[in-house]
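**Q** Here you go, this is work_12.cif (mmCIF, C-alpha atoms).
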data_work
#
loop_
_atom_site.group_PDB
_atom_site.id
_atom_site.type_symbol
_atom_site.label_atom_id
_atom_site.label_comp_id
_atom_site.auth_asym_id
_atom_site.auth_seq_id
_atom_site.Cartn_x
_atom_site.Cartn_y
_atom_site.Cartn_z
ATOM 1 C CA MET A 1 -45.706 32.772 88.149
ATOM 2 C CA ASN A 2 -46.332 29.385 89.741
ATOM 3 C CA LYS A 3 -49.429 28.759 87.587
ATOM 4 C CA ILE A 4 -47.445 29.528 84.422
ATOM 5 C CA ASP A 5 -44.707 27.077 85.448
ATOM 6 C CA SER A 6 -47.335 24.407 86.121
ATOM 7 C CA LEU A 7 -48.959 25.034 82.755
ATOM 8 C CA LEU A 8 -45.611 24.822 80.945
ATOM 9 C CA ASP A 9 -44.839 21.562 82.743
ATOM 10 C CA ILE A 10 -48.186 20.090 81.673
ATOM 11 C CA LEU A 11 -47.696 21.242 78.069
ATOM 12 C CA SER A 12 -44.227 19.709 78.032
ATOM 13 C CA LYS A 13 -45.633 16.371 79.209
ATOM 14 C CA ILE A 14 -48.388 16.496 76.581
ATOM 15 C CA TYR A 15 -45.752 17.131 73.903
ATOM 16 C CA GLN A 16 -43.703 14.143 75.100
ATOM 17 C CA VAL A 17 -46.773 11.897 74.927
ATOM 18 C CA LEU A 18 -47.577 13.113 71.407
ATOM 19 C CA VAL A 19 -43.999 12.367 70.293
ATOM 20 C CA LEU A 20 -44.255 8.866 71.765
ATOM 21 C CA VAL A 21 -47.565 8.221 70.009
ATOM 22 C CA TYR A 22 -46.199 9.504 66.689
ATOM 23 C CA ASN A 23 -43.070 7.368 66.946
ATOM 24 C CA SER A 24 -44.977 4.245 67.941
ATOM 25 C CA LYS A 25 -47.441 4.693 65.071
ATOM 26 C CA TYR A 26 -44.897 5.356 62.324
ATOM 27 C CA HIS A 27 -41.769 3.636 63.599
ATOM 28 C CA GLY A 28 -43.011 0.894 65.907
ATOM 29 C CA ASP A 29 -40.900 1.776 68.948
ATOM 30 C CA LEU A 30 -41.503 3.998 71.927
ATOM 31 C CA VAL A 31 -38.502 6.254 72.507
ATOM 32 C CA PHE A 32 -37.954 8.445 75.535
ATOM 33 C CA ASP A 33 -36.196 11.810 75.943
ATOM 34 C CA GLU A 34 -33.114 10.138 77.434
ATOM 35 C CA ASP A 35 -32.439 8.711 73.974
ATOM 36 C CA PRO A 36 -30.787 11.551 72.021
ATOM 37 C CA GLN A 37 -31.673 12.316 68.433
ATOM 38 C CA MET A 38 -28.888 12.424 65.883
ATOM 39 C CA ASP A 39 -28.889 14.068 62.482
ATOM 40 C CA ARG A 40 -27.537 12.579 59.270
ATOM 41 C CA GLN A 41 -23.955 13.833 59.714
ATOM 42 C CA GLU A 42 -23.797 12.726 63.347
ATOM 43 C CA VAL A 43 -24.912 9.237 62.313
ATOM 44 C CA LYS A 44 -22.263 9.027 59.588
ATOM 45 C CA ASP A 45 -19.587 10.129 62.067
ATOM 46 C CA TYR A 46 -20.881 7.768 64.775
ATOM 47 C CA LEU A 47 -20.885 4.779 62.411
ATOM 48 C CA GLY A 48 -17.744 5.798 60.508
ATOM 49 C CA ILE A 49 -19.465 5.556 57.111
ATOM 50 C CA SER A 50 -19.480 7.667 53.962
ATOM 51 C CA GLU A 51 -22.436 9.403 52.335
ATOM 52 C CA SER A 52 -22.786 6.652 49.719
ATOM 53 C CA THR A 53 -22.760 3.942 52.404
ATOM 54 C CA TYR A 54 -25.348 5.914 54.367
ATOM 55 C CA LYS A 55 -27.637 6.117 51.317
ATOM 56 C CA ARG A 56 -27.182 2.404 50.592
ATOM 57 C CA LYS A 57 -28.037 1.415 54.172
ATOM 58 C CA VAL A 58 -31.175 3.591 54.098
ATOM 59 C CA LYS A 59 -32.210 2.042 50.771
ATOM 60 C CA GLU A 60 -31.610 -1.483 52.133
ATOM 61 C CA GLY A 61 -33.630 -0.641 55.246
ATOM 62 C CA LYS A 62 -30.736 -1.118 57.667
ATOM 63 C CA LEU A 63 -31.061 2.537 58.681
ATOM 64 C CA LYS A 64 -34.573 3.884 59.155
ATOM 65 C CA PRO A 65 -34.563 7.670 59.503
ATOM 66 C CA LEU A 66 -37.366 9.772 60.868
ATOM 67 C CA LYS A 67 -38.269 12.075 57.990
ATOM 68 C CA LEU A 68 -38.639 15.431 59.709
ATOM 69 C CA PRO A 69 -38.400 19.026 58.543
ATOM 70 C CA GLY A 70 -34.716 19.864 58.598
ATOM 71 C CA GLY A 71 -33.579 16.431 57.494
ATOM 72 C CA ASP A 72 -33.299 12.832 58.597
ATOM 73 C CA LYS A 73 -33.178 12.140 62.327
ATOM 74 C CA PHE A 74 -32.314 8.979 64.225
ATOM 75 C CA TYR A 75 -32.531 7.883 67.825
ATOM 76 C CA LYS A 76 -29.171 6.659 69.033
ATOM 77 C CA SER A 77 -30.687 3.480 70.516
ATOM 78 C CA GLU A 78 -31.922 2.429 67.056
ATOM 79 C CA LEU A 79 -28.357 2.508 65.717
ATOM 80 C CA LEU A 80 -26.933 -0.093 68.099
ATOM 81 C CA ALA A 81 -26.851 -2.982 65.590
ATOM 82 C CA GLU A 82 -25.198 -0.847 62.915
ATOM 83 C CA PHE A 83 -22.721 0.512 65.476
ATOM 84 C CA LYS A 84 -21.749 -3.040 66.448
ATOM 85 C CA GLU A 85 -21.267 -3.894 62.760
ATOM 86 C CA SER A 86 -19.096 -0.800 62.255
ATOM 87 C CA LYS A 87 -17.040 -1.743 65.301
ATOM 88 C CA ARG A 88 -16.676 -5.338 64.083
ATOM 89 C CA SER A 89 -15.478 -4.212 60.682
ATOM 90 C CA GLY A 90 -13.013 -1.722 62.185
ATOM 91 C CA ARG A 91 -14.643 1.521 61.003
ATOM 92 C CA VAL A 92 -15.127 2.700 64.592
#
Show me the file's structure as structure tokens.
**A**
Amino acid sequence: MNKIDSLLDILSKIYQVLVLVYNSKYHGDLVFDEDPQMDRQEVKDYLGISESTYKRKVKEGKLKPLKLPGGDKFYKSELLAEFKESKRSGRV
């Protein structure tokens, strides 16, 4: 069983490296596992914005989702500027 655990650990690390490479190639930033992913609804709740505001911010480039199967995903760290704006304007 020890060899299987070692193999799974190695495969997990390879997967993490592949995710980092993908994100750096297509999104310019390296993001680690400690940075949770959020889906579209979680982002709207976190920022206190409506669906139309969400769509507008994506169109303007203020929000840059990862286009993945199952919908848009965001890393929480990438939302810091928009969160500060939402807090400033009193939405959060």
**Q** Carefully work through the PyMOL selection byres ((chain A and resi 61-67) around 10) for this structure and note down the residues it includes, as a PyMOL selection string.
**A** chain A and resi 23+26-27+37-40+43+54-60+68-75+78-79+81-82
**Q** Go through A:Tyr22, A:Arg91, A:Gln16, A:Leu80 one by one, measure the shortest atom-to-atom distance of each to Ser50 of chain A using only C-alpha atoms, and give the residue with the smallest value.
**A**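 Looking only at the distances to Ser50 of chain A, the closest residue turns out to be A:Arg91.
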**Q** For Ser89 of chain A, which residue out of A:Val21, A:Gly48, A:Leu11, A:Ser77 is the nearest one, using all atoms listed in the file?
**A**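 Distance minimum relative to Ser89 of chain A lands on A:Gly48.
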**Q** Quick check, in Å to one decimal: how far apart do atom CA of Leu18 of chain A and atom CA of Glu42 of chain A lie?
**A** 25.1 Å
**Q** State, in Å with one decimal place, the distance from atom CA of Lys44 of chain A to atom CA of Tyr15 of chain A.
**A**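 Atom CA of Lys44 of chain A sits 28.7 Å away from atom CA of Tyr15 of chain A.
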**Q** Between atom CA of Asn2 of chain A and atom CA of Ile14 of chain A, what distance in Å does the model show, to one decimal?
**A**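 Answer for the atom CA of Asn2 of chain A to atom CA of Ile14 of chain A separation: 18.5 Å.
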